[in-house]
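J.: What follows is work-v9.cif, mmCIF, C-alpha atoms and all ligand atoms.
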```
data_input
loop_
_atom_site.group_PDB
_atom_site.id
_atom_site.type_symbol
_atom_site.label_atom_id
_atom_site.label_comp_id
_atom_site.auth_asym_id
_atom_site.auth_seq_id
_atom_site.Cartn_x
_atom_site.Cartn_y
_atom_site.Cartn_z
ATOM 1 C CA MET B 1 -20.458 -250.468 91.130
ATOM 2 C CA MET B 2 -19.775 -252.736 94.041
ATOM 3 C CA ARG B 3 -16.417 -254.399 94.331
ATOM 4 C CA ALA B 4 -16.501 -257.504 92.211
ATOM 5 C CA ASP B 5 -16.345 -260.423 94.574
ATOM 6 C CA LEU B 6 -16.374 -263.404 92.301
ATOM 7 C CA ARG B 7 -14.920 -266.030 94.616
ATOM 8 C CA ASN B 8 -18.174 -267.938 94.922
ATOM 9 C CA LEU B 9 -18.429 -268.153 91.151
ATOM 10 C CA LYS B 10 -14.983 -269.566 90.561
ATOM 11 C CA ASP B 11 -16.263 -273.092 89.909
ATOM 12 C CA VAL B 12 -19.099 -272.017 87.659
ATOM 13 C CA ARG B 13 -18.001 -273.008 84.173
ATOM 14 C CA ASN B 14 -20.607 -271.510 81.877
ATOM 15 C CA ILE B 15 -23.173 -268.833 82.493
ATOM 16 C CA VAL B 16 -25.983 -268.523 79.972
ATOM 17 C CA ALA B 17 -27.965 -265.288 80.286
ATOM 18 C CA VAL B 18 -31.613 -265.426 79.265
ATOM 19 C CA MET B 19 -32.857 -262.046 78.040
ATOM 20 C CA SER B 20 -35.967 -260.496 76.564
ATOM 21 C CA GLY B 21 -37.036 -257.141 75.240
ATOM 22 C CA LYS B 22 -39.969 -256.935 77.611
ATOM 23 C CA GLY B 23 -41.758 -258.850 80.363
ATOM 24 C CA GLY B 24 -44.345 -261.543 79.903
ATOM 25 C CA VAL B 25 -42.772 -263.288 76.920
ATOM 26 C CA GLY B 26 -41.830 -266.420 78.866
ATOM 27 C CA LYS B 27 -38.268 -265.610 79.881
ATOM 28 C CA SER B 28 -38.598 -267.214 83.308
ATOM 29 C CA PHE B 29 -40.280 -270.281 81.846
ATOM 30 C CA VAL B 30 -37.490 -270.647 79.278
ATOM 31 C CA SER B 31 -34.826 -270.189 81.979
ATOM 32 C CA ALA B 32 -36.387 -272.903 84.127
ATOM 33 C CA ALA B 33 -36.925 -275.283 81.189
ATOM 34 C CA LEU B 34 -33.375 -274.787 79.973
ATOM 35 C CA ALA B 35 -31.964 -275.540 83.410
ATOM 36 C CA ILE B 36 -34.107 -278.682 83.632
ATOM 37 C CA ALA B 37 -32.849 -279.724 80.178
ATOM 38 C CA PHE B 38 -29.174 -279.217 81.130
ATOM 39 C CA ARG B 39 -29.831 -281.336 84.218
ATOM 40 C CA GLU B 40 -31.420 -284.066 82.075
ATOM 41 C CA LEU B 41 -28.204 -284.114 80.067
ATOM 42 C CA GLY B 42 -26.322 -284.851 83.268
ATOM 43 C CA TYR B 43 -24.742 -281.464 83.856
ATOM 44 C CA SER B 44 -24.574 -279.820 87.260
ATOM 45 C CA VAL B 45 -26.813 -276.812 86.998
ATOM 46 C CA ALA B 46 -27.814 -273.640 88.793
ATOM 47 C CA ILE B 47 -30.421 -270.971 88.185
ATOM 48 C CA LEU B 48 -29.904 -267.419 89.285
ATOM 49 C CA ASP B 49 -33.129 -265.475 89.387
ATOM 50 C CA ALA B 50 -31.891 -261.983 88.583
ATOM 51 C CA ASP B 51 -35.305 -260.621 87.672
ATOM 52 C CA ILE B 52 -36.255 -258.888 90.837
ATOM 53 C CA HIS B 53 -39.218 -257.158 89.173
ATOM 54 C CA GLY B 54 -41.245 -260.286 89.217
ATOM 55 C CA PRO B 55 -39.215 -263.182 90.472
ATOM 56 C CA SER B 56 -41.120 -266.227 89.383
ATOM 57 C CA ILE B 57 -38.445 -268.908 89.165
ATOM 58 C CA PRO B 58 -39.106 -270.274 92.680
ATOM 59 C CA TRP B 59 -42.838 -270.066 92.044
ATOM 60 C CA MET B 60 -42.583 -272.054 88.809
ATOM 61 C CA LEU B 61 -40.440 -274.682 90.469
ATOM 62 C CA GLY B 62 -42.938 -275.056 93.284
ATOM 63 C CA VAL B 63 -40.658 -273.693 95.997
ATOM 64 C CA GLU B 64 -41.961 -271.788 98.983
ATOM 65 C CA SER B 65 -40.440 -268.422 99.806
ATOM 66 C CA GLY B 66 -38.026 -267.875 102.636
ATOM 67 C CA SER B 67 -36.348 -271.227 102.351
ATOM 68 C CA MET B 68 -32.785 -270.434 101.325
ATOM 69 C CA GLY B 69 -30.369 -270.919 104.225
ATOM 70 C CA ALA B 70 -27.177 -269.312 105.392
ATOM 71 C CA SER B 71 -24.049 -271.254 106.211
ATOM 72 C CA ILE B 72 -21.762 -270.678 109.190
ATOM 73 C CA ASP B 73 -19.438 -268.420 107.224
ATOM 74 C CA GLY B 74 -22.379 -266.208 106.297
ATOM 75 C CA SER B 75 -22.730 -267.287 102.697
ATOM 76 C CA ILE B 76 -26.099 -268.152 101.201
ATOM 77 C CA VAL B 77 -26.823 -271.784 100.472
ATOM 78 C CA PRO B 78 -28.823 -272.153 97.269
ATOM 79 C CA LEU B 79 -31.908 -274.292 97.370
ATOM 80 C CA ASP B 80 -31.697 -277.714 95.768
ATOM 81 C CA VAL B 81 -34.703 -278.324 93.548
ATOM 82 C CA ASP B 82 -34.512 -281.681 91.854
ATOM 83 C CA GLY B 83 -30.750 -281.405 91.569
ATOM 84 C CA ILE B 84 -30.791 -277.764 90.431
ATOM 85 C CA ALA B 85 -29.262 -275.108 92.692
ATOM 86 C CA VAL B 86 -31.656 -272.172 92.851
ATOM 87 C CA ALA B 87 -30.956 -268.716 94.206
ATOM 88 C CA SER B 88 -33.577 -266.026 94.104
ATOM 89 C CA PHE B 89 -34.229 -262.928 96.069
ATOM 90 C CA GLU B 90 -37.702 -264.193 96.663
ATOM 91 C CA LEU B 91 -36.246 -267.009 98.741
ATOM 92 C CA LEU B 92 -34.796 -264.503 101.196
ATOM 93 C CA LEU B 93 -38.092 -262.734 101.777
ATOM 94 C CA PRO B 94 -40.422 -263.799 104.569
ATOM 95 C CA SER B 95 -43.369 -264.464 102.268
ATOM 96 C CA ARG B 96 -44.397 -264.544 98.649
ATOM 97 C CA GLU B 97 -46.500 -261.441 99.201
ATOM 98 C CA SER B 98 -43.578 -259.316 100.412
ATOM 99 C CA PRO B 99 -43.338 -256.473 97.907
ATOM 100 C CA ILE B 100 -39.969 -255.457 96.566
ATOM 101 C CA VAL B 101 -40.063 -251.726 96.109
ATOM 102 C CA TRP B 102 -36.417 -250.774 95.760
ATOM 103 C CA ARG B 103 -35.371 -248.471 93.031
ATOM 104 C CA GLY B 104 -32.884 -249.317 90.261
ATOM 105 C CA PRO B 105 -29.411 -249.031 91.816
ATOM 106 C CA LEU B 106 -30.472 -250.706 95.032
ATOM 107 C CA LYS B 107 -32.102 -253.537 93.128
ATOM 108 C CA THR B 108 -29.014 -254.092 91.019
ATOM 109 C CA ARG B 109 -26.897 -254.093 94.162
ATOM 110 C CA ALA B 110 -29.195 -256.635 95.764
ATOM 111 C CA ILE B 111 -28.817 -258.972 92.778
ATOM 112 C CA LEU B 112 -25.023 -258.646 92.801
ATOM 113 C CA GLU B 113 -25.013 -259.292 96.558
ATOM 114 C CA LEU B 114 -27.122 -262.371 96.047
ATOM 115 C CA VAL B 115 -24.903 -263.805 93.328
ATOM 116 C CA SER B 116 -21.649 -263.079 95.117
ATOM 117 C CA LYS B 117 -22.792 -264.277 98.559
ATOM 118 C CA THR B 118 -24.177 -267.593 97.329
ATOM 119 C CA SER B 119 -22.010 -270.712 97.571
ATOM 120 C CA TRP B 120 -22.630 -272.040 94.101
ATOM 121 C CA GLY B 121 -20.145 -274.867 94.186
ATOM 122 C CA TYR B 122 -19.153 -276.577 90.948
ATOM 123 C CA ARG B 123 -21.631 -275.956 88.124
ATOM 124 C CA ASP B 124 -21.271 -276.844 84.472
ATOM 125 C CA PHE B 125 -24.037 -274.394 83.655
ATOM 126 C CA MET B 126 -25.698 -271.495 85.388
ATOM 127 C CA VAL B 127 -28.810 -270.090 83.752
ATOM 128 C CA VAL B 128 -29.478 -266.458 84.635
ATOM 129 C CA ASP B 129 -33.023 -265.149 84.329
ATOM 130 C CA MET B 130 -32.171 -261.525 83.520
ATOM 131 C CA PRO B 131 -34.582 -258.640 84.086
ATOM 132 C CA PRO B 132 -36.539 -257.760 80.911
ATOM 133 C CA GLY B 133 -35.029 -255.079 78.694
ATOM 134 C CA THR B 134 -31.532 -253.827 78.063
ATOM 135 C CA GLY B 135 -31.013 -250.845 80.360
ATOM 136 C CA ASP B 136 -28.385 -249.725 82.881
ATOM 137 C CA GLU B 137 -29.340 -252.330 85.412
ATOM 138 C CA HIS B 138 -28.671 -255.045 82.846
ATOM 139 C CA LEU B 139 -25.350 -253.563 81.962
ATOM 140 C CA THR B 140 -24.202 -253.651 85.572
ATOM 141 C CA ILE B 141 -25.310 -257.256 86.031
ATOM 142 C CA ALA B 142 -23.860 -258.375 82.690
ATOM 143 C CA GLN B 143 -20.537 -256.657 83.379
ATOM 144 C CA PHE B 144 -20.331 -258.251 86.795
ATOM 145 C CA LEU B 145 -21.004 -261.761 85.503
ATOM 146 C CA LYS B 146 -19.038 -261.248 82.279
ATOM 147 C CA PRO B 147 -15.997 -263.382 83.150
ATOM 148 C CA PHE B 148 -18.275 -266.431 83.301
ATOM 149 C CA VAL B 149 -20.906 -265.623 80.718
ATOM 150 C CA LYS B 150 -20.525 -267.725 77.581
ATOM 151 C CA GLY B 151 -23.467 -266.281 75.760
ATOM 152 C CA ALA B 152 -26.993 -265.003 75.834
ATOM 153 C CA VAL B 153 -30.270 -266.459 74.672
ATOM 154 C CA LEU B 154 -33.015 -264.070 73.614
ATOM 155 C CA VAL B 155 -36.648 -264.961 74.264
ATOM 156 C CA LEU B 156 -39.098 -263.479 71.776
ATOM 157 C CA THR B 157 -42.757 -263.745 70.943
ATOM 158 C CA PRO B 158 -43.814 -263.329 67.303
ATOM 159 C CA GLY B 159 -45.639 -260.018 67.824
ATOM 160 C CA ASP B 160 -42.675 -258.622 69.654
ATOM 161 C CA LEU B 161 -41.246 -256.306 66.927
ATOM 162 C CA VAL B 162 -38.738 -259.081 66.444
ATOM 163 C CA LEU B 163 -36.198 -257.254 64.293
ATOM 164 C CA HIS B 164 -36.129 -254.294 66.654
ATOM 165 C CA VAL B 165 -35.720 -256.463 69.757
ATOM 166 C CA VAL B 166 -32.967 -258.507 68.108
ATOM 167 C CA ARG B 167 -31.111 -255.355 67.069
ATOM 168 C CA LYS B 168 -31.322 -253.873 70.571
ATOM 169 C CA ALA B 169 -30.149 -257.100 72.200
ATOM 170 C CA ARG B 170 -27.274 -257.313 69.743
ATOM 171 C CA GLU B 171 -26.189 -253.742 70.441
ATOM 172 C CA PHE B 172 -26.375 -254.312 74.169
ATOM 173 C CA LEU B 173 -24.384 -257.546 74.049
ATOM 174 C CA LYS B 174 -21.800 -256.084 71.703
ATOM 175 C CA GLY B 175 -21.256 -253.308 74.233
ATOM 176 C CA VAL B 176 -20.534 -255.836 76.988
ATOM 177 C CA GLY B 177 -18.702 -258.292 74.760
ATOM 178 C CA ILE B 178 -21.105 -261.223 75.147
ATOM 179 C CA ASP B 179 -22.176 -263.471 72.257
ATOM 180 C CA LEU B 180 -25.788 -263.810 71.222
ATOM 181 C CA LEU B 181 -26.275 -267.566 70.935
ATOM 182 C CA GLY B 182 -29.707 -267.373 69.343
ATOM 183 C CA ALA B 183 -33.374 -266.829 70.026
ATOM 184 C CA ILE B 184 -36.182 -268.934 71.382
ATOM 185 C CA VAL B 185 -39.493 -267.934 69.883
ATOM 186 C CA ASN B 186 -42.063 -268.583 72.576
ATOM 187 C CA MET B 187 -45.822 -268.706 71.985
ATOM 188 C CA ALA B 188 -44.961 -269.170 68.315
ATOM 189 C CA TYR B 189 -48.258 -270.900 67.487
ATOM 190 C CA PHE B 190 -51.185 -272.822 68.923
ATOM 191 C CA ARG B 191 -51.976 -276.288 67.668
ATOM 192 C CA CYS B 192 -55.672 -277.109 67.881
ATOM 193 C CA PRO B 193 -55.921 -280.253 70.013
ATOM 194 C CA VAL B 194 -58.993 -281.377 68.050
ATOM 195 C CA CYS B 195 -58.046 -280.917 64.412
ATOM 196 C CA GLY B 196 -54.312 -280.265 64.624
ATOM 197 C CA THR B 197 -54.541 -276.984 62.727
ATOM 198 C CA ILE B 198 -51.784 -274.546 63.569
ATOM 199 C CA HIS B 199 -52.918 -271.052 64.491
ATOM 200 C CA LYS B 200 -50.350 -268.291 64.598
ATOM 201 C CA ILE B 201 -51.995 -266.286 67.359
ATOM 202 C CA PHE B 202 -49.370 -263.541 67.502
ATOM 203 C CA GLY B 203 -48.878 -263.497 63.740
ATOM 204 C CA GLU B 204 -45.925 -264.359 61.549
ATOM 205 C CA TYR B 205 -42.482 -263.099 62.272
ATOM 206 C CA SER B 206 -39.330 -262.777 60.320
ATOM 207 C CA ALA B 207 -36.027 -263.132 62.069
ATOM 208 C CA GLU B 208 -33.162 -262.735 59.702
ATOM 209 C CA ASP B 209 -29.837 -262.305 61.270
ATOM 210 C CA ILE B 210 -30.414 -264.531 64.294
ATOM 211 C CA GLN B 211 -30.389 -268.268 64.820
ATOM 212 C CA ILE B 212 -33.731 -269.593 66.001
ATOM 213 C CA LEU B 213 -32.924 -272.246 68.584
ATOM 214 C CA ALA B 214 -36.529 -273.377 69.023
ATOM 215 C CA GLU B 215 -40.154 -272.454 68.463
ATOM 216 C CA ILE B 216 -42.355 -273.168 71.458
ATOM 217 C CA PRO B 217 -46.132 -273.365 71.030
ATOM 218 C CA ILE B 218 -48.732 -271.810 73.310
ATOM 219 C CA LYS B 219 -49.934 -274.589 75.567
ATOM 220 C CA PRO B 220 -52.745 -273.998 78.048
ATOM 221 C CA GLU B 221 -51.664 -277.096 80.032
ATOM 222 C CA LEU B 222 -48.192 -275.628 80.325
ATOM 223 C CA ALA B 223 -49.541 -272.310 81.597
ATOM 224 C CA GLN B 224 -51.565 -274.185 84.210
ATOM 225 C CA ALA B 225 -48.610 -276.311 85.265
ATOM 226 C CA ILE B 226 -46.488 -273.168 85.652
ATOM 227 C CA ASN B 227 -49.181 -271.543 87.766
ATOM 228 C CA ARG B 228 -49.310 -274.588 90.011
ATOM 229 C CA GLY B 229 -45.543 -274.620 90.404
ATOM 230 C CA GLU B 230 -45.278 -277.946 88.621
ATOM 231 C CA ILE B 231 -43.069 -277.197 85.662
ATOM 232 C CA ILE B 232 -40.606 -279.976 86.506
ATOM 233 C CA LYS B 233 -43.312 -282.624 86.794
ATOM 234 C CA TYR B 234 -45.017 -281.295 83.654
ATOM 235 C CA LEU B 235 -41.894 -281.480 81.509
ATOM 236 C CA LYS B 236 -40.679 -284.808 82.845
ATOM 237 C CA SER B 237 -43.960 -286.698 83.058
ATOM 238 C CA PHE B 238 -46.551 -285.081 80.812
ATOM 239 C CA ASP B 239 -44.819 -283.321 77.955
ATOM 240 C CA ARG B 240 -41.675 -285.187 77.105
ATOM 241 C CA GLU B 241 -41.836 -283.697 73.609
ATOM 242 C CA LEU B 242 -41.458 -280.177 74.978
ATOM 243 C CA LEU B 243 -38.648 -281.320 77.263
ATOM 244 C CA GLU B 244 -36.906 -282.867 74.249
ATOM 245 C CA THR B 245 -37.163 -279.531 72.436
ATOM 246 C CA PHE B 246 -35.332 -277.854 75.323
ATOM 247 C CA ILE B 247 -32.817 -280.700 75.508
ATOM 248 C CA GLU B 248 -31.976 -280.051 71.848
ATOM 249 C CA VAL B 249 -31.513 -276.353 72.653
ATOM 250 C CA ALA B 250 -29.343 -277.250 75.652
ATOM 251 C CA LYS B 251 -27.198 -279.499 73.426
ATOM 252 C CA LYS B 252 -26.798 -276.724 70.863
ATOM 253 C CA ILE B 253 -25.765 -274.276 73.559
ATOM 254 C CA ALA B 254 -23.381 -276.774 75.146
ATOM 255 C CA SER B 255 -21.680 -277.425 71.819
ATOM 256 C CA LYS B 256 -21.323 -273.689 71.187
ATOM 257 C CA VAL B 257 -20.080 -272.595 74.572
ATOM 258 C CA ALA B 258 -18.348 -275.578 76.091
ATOM 259 C CA PRO B 259 -17.121 -277.986 73.434
ATOM 260 C CA SER B 260 -15.010 -279.773 76.035
ATOM 261 C CA THR B 261 -17.912 -280.733 78.296
ATOM 262 C CA THR B 262 -20.049 -282.348 75.605
HETATM 263 N N1 LIG B 301 -45.522 -271.454 75.713
HETATM 264 C C1 LIG B 301 -46.400 -271.038 76.634
HETATM 265 N N2 LIG B 301 -47.679 -271.508 76.621
HETATM 266 C C2 LIG B 301 -48.566 -271.088 77.543
HETATM 267 N N3 LIG B 301 -48.295 -270.219 78.521
HETATM 268 C C3 LIG B 301 -47.047 -269.722 78.589
HETATM 269 C C4 LIG B 301 -46.046 -270.104 77.661
HETATM 270 N N4 LIG B 301 -44.888 -269.445 77.980
HETATM 271 C C5 LIG B 301 -45.185 -268.704 79.057
HETATM 272 N N5 LIG B 301 -46.472 -268.847 79.432
HETATM 273 C C6 LIG B 301 -47.163 -268.159 80.532
HETATM 274 O O1 LIG B 301 -46.989 -266.771 80.313
HETATM 275 C C7 LIG B 301 -46.753 -266.079 81.524
HETATM 276 C C8 LIG B 301 -45.439 -265.300 81.416
HETATM 277 O O2 LIG B 301 -44.357 -266.204 81.398
HETATM 278 P P1 LIG B 301 -43.012 -265.859 82.185
HETATM 279 O O3 LIG B 301 -42.053 -266.936 81.938
HETATM 280 O O4 LIG B 301 -43.333 -265.532 83.614
HETATM 281 O O5 LIG B 301 -42.600 -264.532 81.399
HETATM 282 P P2 LIG B 301 -41.450 -263.458 81.715
HETATM 283 O O6 LIG B 301 -40.487 -264.093 82.655
HETATM 284 O O7 LIG B 301 -40.875 -263.145 80.384
HETATM 285 O O8 LIG B 301 -42.145 -262.278 82.308
HETATM 286 C C9 LIG B 301 -46.737 -267.128 82.622
HETATM 287 O O9 LIG B 301 -47.963 -267.099 83.288
HETATM 288 C C10 LIG B 301 -46.552 -268.440 81.890
HETATM 289 O O10 LIG B 301 -47.246 -269.460 82.546
HETATM 290 MG MG MG B 302 -40.021 -263.590 84.646
#
```
Could you take the file, read its structure, and then write that structure out as C-alpha cells?
Ligand SMILES: Nc1ncnc2c1ncn2[C@@H]1O[C@H](COP(=O)(O)OP(=O)(O)O)[C@@H](O)[C@H]1O
Ligand SMILES: [Mg+2]
T.:
Amino acid sequence: MMRADLRNLKDVRNIVAVMSGKGGVGKSFVSAALAIAFRELGYSVAILDADIHGPSIPWMLGVESGSMGASIDGSIVPLDVDGIAVASFELLLPSRESPIVWRGPLKTRAILELVSKTSWGYRDFMVVDMPPGTGDEHLTIAQFLKPFVKGAVLVLTPGDLVLHVVRKAREFLKGVGIDLLGAIVNMAYFRCPVCGTIHKIFGEYSAEDIQILAEIPIKPELAQAINRGEIIKYLKSFDRELLETFIEVAKKIASKVAPSTT
C-alpha cells in the first residue's frame, strides 16, 4: 500500500462512503444527491469519485472532462460545481471517451493518489462514491480513508438479494472498523403518473437488521435528467420532493456522525 499521505484531508471532518453490492443500482446518483442535500443544509461538501470502473459523477453533474486544475505546488484543485468540490479521475483525462484500462492495484493506487493530491480544504462532509462490491480494492481505499470515515451508506435495489448484500457489507465494514449507517433502497417502486398506483417493479424486499434511510422510486424523468447531466437542476427546480427525501437522509446522517455540527 502506498504511504498514507493524509495532509490534504486534515480539514475534512466527516467522510461518508456510499457502497453497493454491484453496479447499476444507483450508487453514483445517491452519492451526488446526498452531496447536494448536505449542501442545501449549508454544509461545505465534497464528492470523491472513487469508482474508476465507470466514473459518472462528473457526467451526472454536467461537468466536462479534463477540467480539474493543478496548483503551483502540484496539488490538484477540485472542481467547484454549485458549491460542491468534485474530484474524479475522469476530470484528469483528456476526454470522456478515454478508456481506463488499468488493472486492480494500479486503479486503487490511482484513486489514492487522487484523494491525497487534491487540496480539499475545509469540508464538513465528503461523500465517496466507492466502487461496487466489497473486494480487495475496497479494503485498500477504506483503510486509507478510515481516519476520516464516519460511516457507510449501502445502496440497494429490491431484487438485489438484499439480505445477502447487507450481510456482505456488514462483514466488510466490520473488518475495517467502519459503521454501517443504513441503506437507501433505490428503484423501490414506480408510481403510475396517471392513476397513482404503486408498482413494485423489482419485487418486495425484506431488510431486517438494517435501518432503511429512504426508499427512492423509479422515475423516468430522473433517469433522463441524469443522462443530460442535469441532476442539480432536476432536484432543485423540478423535484423538490425527491430533494427533501435526500435532505432528510442527510440530516439523519449528520445527527449520527457529527452531532456537534447539527
Ligand atoms: N431512482 C431512479 N429512477 C430512474 N433511474 C435511475 C434511478 N436511479 C438510478 N437511475 C439510473 O440508473 C442508472 C444507474 O445509476 P448509477 O447511479 O450510475 O448506478 P451505479 O453508480 O450504482 O452504477 C443511471 O442511468 C441512472 O440514471
Ligand atoms: Mg456509478
J.: Starting from the displayed file, determine the output of the PyMOL selection byres (((chain B and resi 240-257) around 7) and not hetatm) and express the residue list as JSON, numbers by chain.
T.: {"B": [33, 34, 37, 38, 150, 213, 214, 235, 236, 237, 238, 239, 258, 259, 262]}
J.: To one decimal in Å, tell me the separation between atom CA of B:Ile111 and atom CA of B:Asp5.
T.: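 Rounded to one decimal, the two atoms are 12.7 Å apart.
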J.: Just how far from atom C5 of ligand LIG 301 (chain B) is atom CA of B:Leu222, in Å to one decimal?
T.: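 Interatomic distance, atom CA of B:Leu222 to atom C5 of ligand LIG 301 (chain B): 7.7 Å.
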J.: Determine the nearest neighbour of B:Leu181 from the options B:Trp59, B:Val149, B:Ser75, B:Ala70, counting all atoms listed in the file.
T.: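 The closest residue to B:Leu181 is B:Val149.
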J.: Just say which residues the PyMOL selection byres (((not hetatm)) within 7 of (chain B and resi 301)) picks in this file, as a PyMOL selection string.
T.: chain B and resi 20+22-30+56+132+186-187+216-220+222-224+226-227
J.: Spell out the residues picked by the PyMOL selection byres (((chain B and resi 153) around 8) and not hetatm) here, as a ChimeraX atom specification.
T.: /B:16-19,151-152,154-155,180-184
J.: Quick one: what's the axis-aligned box for stretch 194-208 of chain B, all listed atoms, 3 Å on every side, centre and edges in Å to one decimal, as AutoDock Vina command-line options?
T.:
```
--center_x -46.1 --center_y -272.1 --center_z 63.9 --size_x 31.8 --size_y 24.6 --size_z 14.3
```
J.: Using all atoms listed in the file, which protein or nucleic acid residues come within 10 Å of B:Ile141? Drop anything in the same chain fewer than 5 positions from it, and give the result as a PyMOL selection string.
T.: chain B and resi 1+50+108-109+111-112+115+130-131+136+146
J.: Quick one: of B:Ala110, B:Arg13, B:Val128, B:Val45, who's nearest to ligand MG 302 (chain B), counting only C-alpha atoms and all ligand atoms?
T.: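 Closest residue, counting only C-alpha atoms and all ligand atoms: B:Val128.
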J.: Name all residues at most 8 Å from B:Phe89 (count all atoms listed in the file; drop same-chain ones fewer than 4 positions away) and give them as a ChimeraX atom specification.
T.: /B:49-50,52,55,93,111,114
J.: How would the residues just picked look written out with C-alpha atoms as a tab-separated table (two decimals), keeping the file's coordinate frame?
T.:
```tsv
chain	number	residue	atom	x	y	z
B	49	ASP	CA	-33.13	-265.48	89.39
B	50	ALA	CA	-31.89	-261.98	88.58
B	52	ILE	CA	-36.26	-258.89	90.84
B	55	PRO	CA	-39.22	-263.18	90.47
B	93	LEU	CA	-38.09	-262.73	101.78
B	111	ILE	CA	-28.82	-258.97	92.78
B	114	LEU	CA	-27.12	-262.37	96.05
```
J.: What is the atom CA of B:Leu106 to atom CA of B:Asp51 distance in Å?
T.: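 Atom CA of B:Asp51 lies 13.3 Å from atom CA of B:Leu106.
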J.: May I ask you to restore N, CA, C and O atoms in stretch 246-259 of chain B and write the result as a compact mmCIF listing (two decimals), keeping the file's coordinate frame?
T.:
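Once written, rebuild02.txt looks like this:
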```txt
# COMPACT_ATOMS: atom_id res chain seq x y z
N PHE B 246 -36.29 -278.61 74.52
CA PHE B 246 -35.33 -277.85 75.32
C PHE B 246 -34.00 -278.60 75.45
O PHE B 246 -32.94 -277.97 75.53
N ILE B 247 -34.07 -279.93 75.46
CA ILE B 247 -32.82 -280.70 75.51
C ILE B 247 -31.99 -280.44 74.24
O ILE B 247 -30.77 -280.27 74.30
N GLU B 248 -32.68 -280.37 73.10
CA GLU B 248 -31.98 -280.05 71.85
C GLU B 248 -31.33 -278.67 71.92
O GLU B 248 -30.20 -278.48 71.49
N VAL B 249 -32.06 -277.71 72.49
CA VAL B 249 -31.51 -276.35 72.65
C VAL B 249 -30.30 -276.40 73.58
O VAL B 249 -29.25 -275.81 73.29
N ALA B 250 -30.45 -277.15 74.69
CA ALA B 250 -29.34 -277.25 75.65
C ALA B 250 -28.11 -277.86 74.99
O ALA B 250 -26.98 -277.41 75.22
N LYS B 251 -28.33 -278.87 74.14
CA LYS B 251 -27.20 -279.50 73.43
C LYS B 251 -26.52 -278.50 72.50
O LYS B 251 -25.29 -278.44 72.42
N LYS B 252 -27.36 -277.73 71.78
CA LYS B 252 -26.80 -276.72 70.86
C LYS B 252 -25.96 -275.72 71.63
O LYS B 252 -24.86 -275.36 71.22
N ILE B 253 -26.49 -275.27 72.76
CA ILE B 253 -25.76 -274.28 73.56
C ILE B 253 -24.47 -274.88 74.09
O ILE B 253 -23.40 -274.28 74.00
N ALA B 254 -24.58 -276.12 74.60
CA ALA B 254 -23.38 -276.77 75.15
C ALA B 254 -22.30 -276.90 74.08
O ALA B 254 -21.11 -276.68 74.36
N SER B 255 -22.70 -277.24 72.85
CA SER B 255 -21.68 -277.42 71.82
C SER B 255 -21.08 -276.08 71.39
O SER B 255 -19.94 -276.02 70.94
N LYS B 256 -21.86 -275.00 71.55
CA LYS B 256 -21.32 -273.69 71.19
C LYS B 256 -20.40 -273.12 72.26
O LYS B 256 -19.41 -272.47 71.95
N VAL B 257 -20.82 -273.29 73.53
CA VAL B 257 -20.08 -272.60 74.57
C VAL B 257 -19.03 -273.45 75.26
O VAL B 257 -18.06 -272.93 75.79
N ALA B 258 -19.26 -274.75 75.30
CA ALA B 258 -18.35 -275.58 76.09
C ALA B 258 -18.03 -276.86 75.37
O ALA B 258 -18.40 -277.94 75.83
N PRO B 259 -17.37 -276.78 74.24
CA PRO B 259 -17.12 -277.99 73.43
C PRO B 259 -16.48 -279.11 74.25
O PRO B 259 -16.72 -280.28 73.99
```
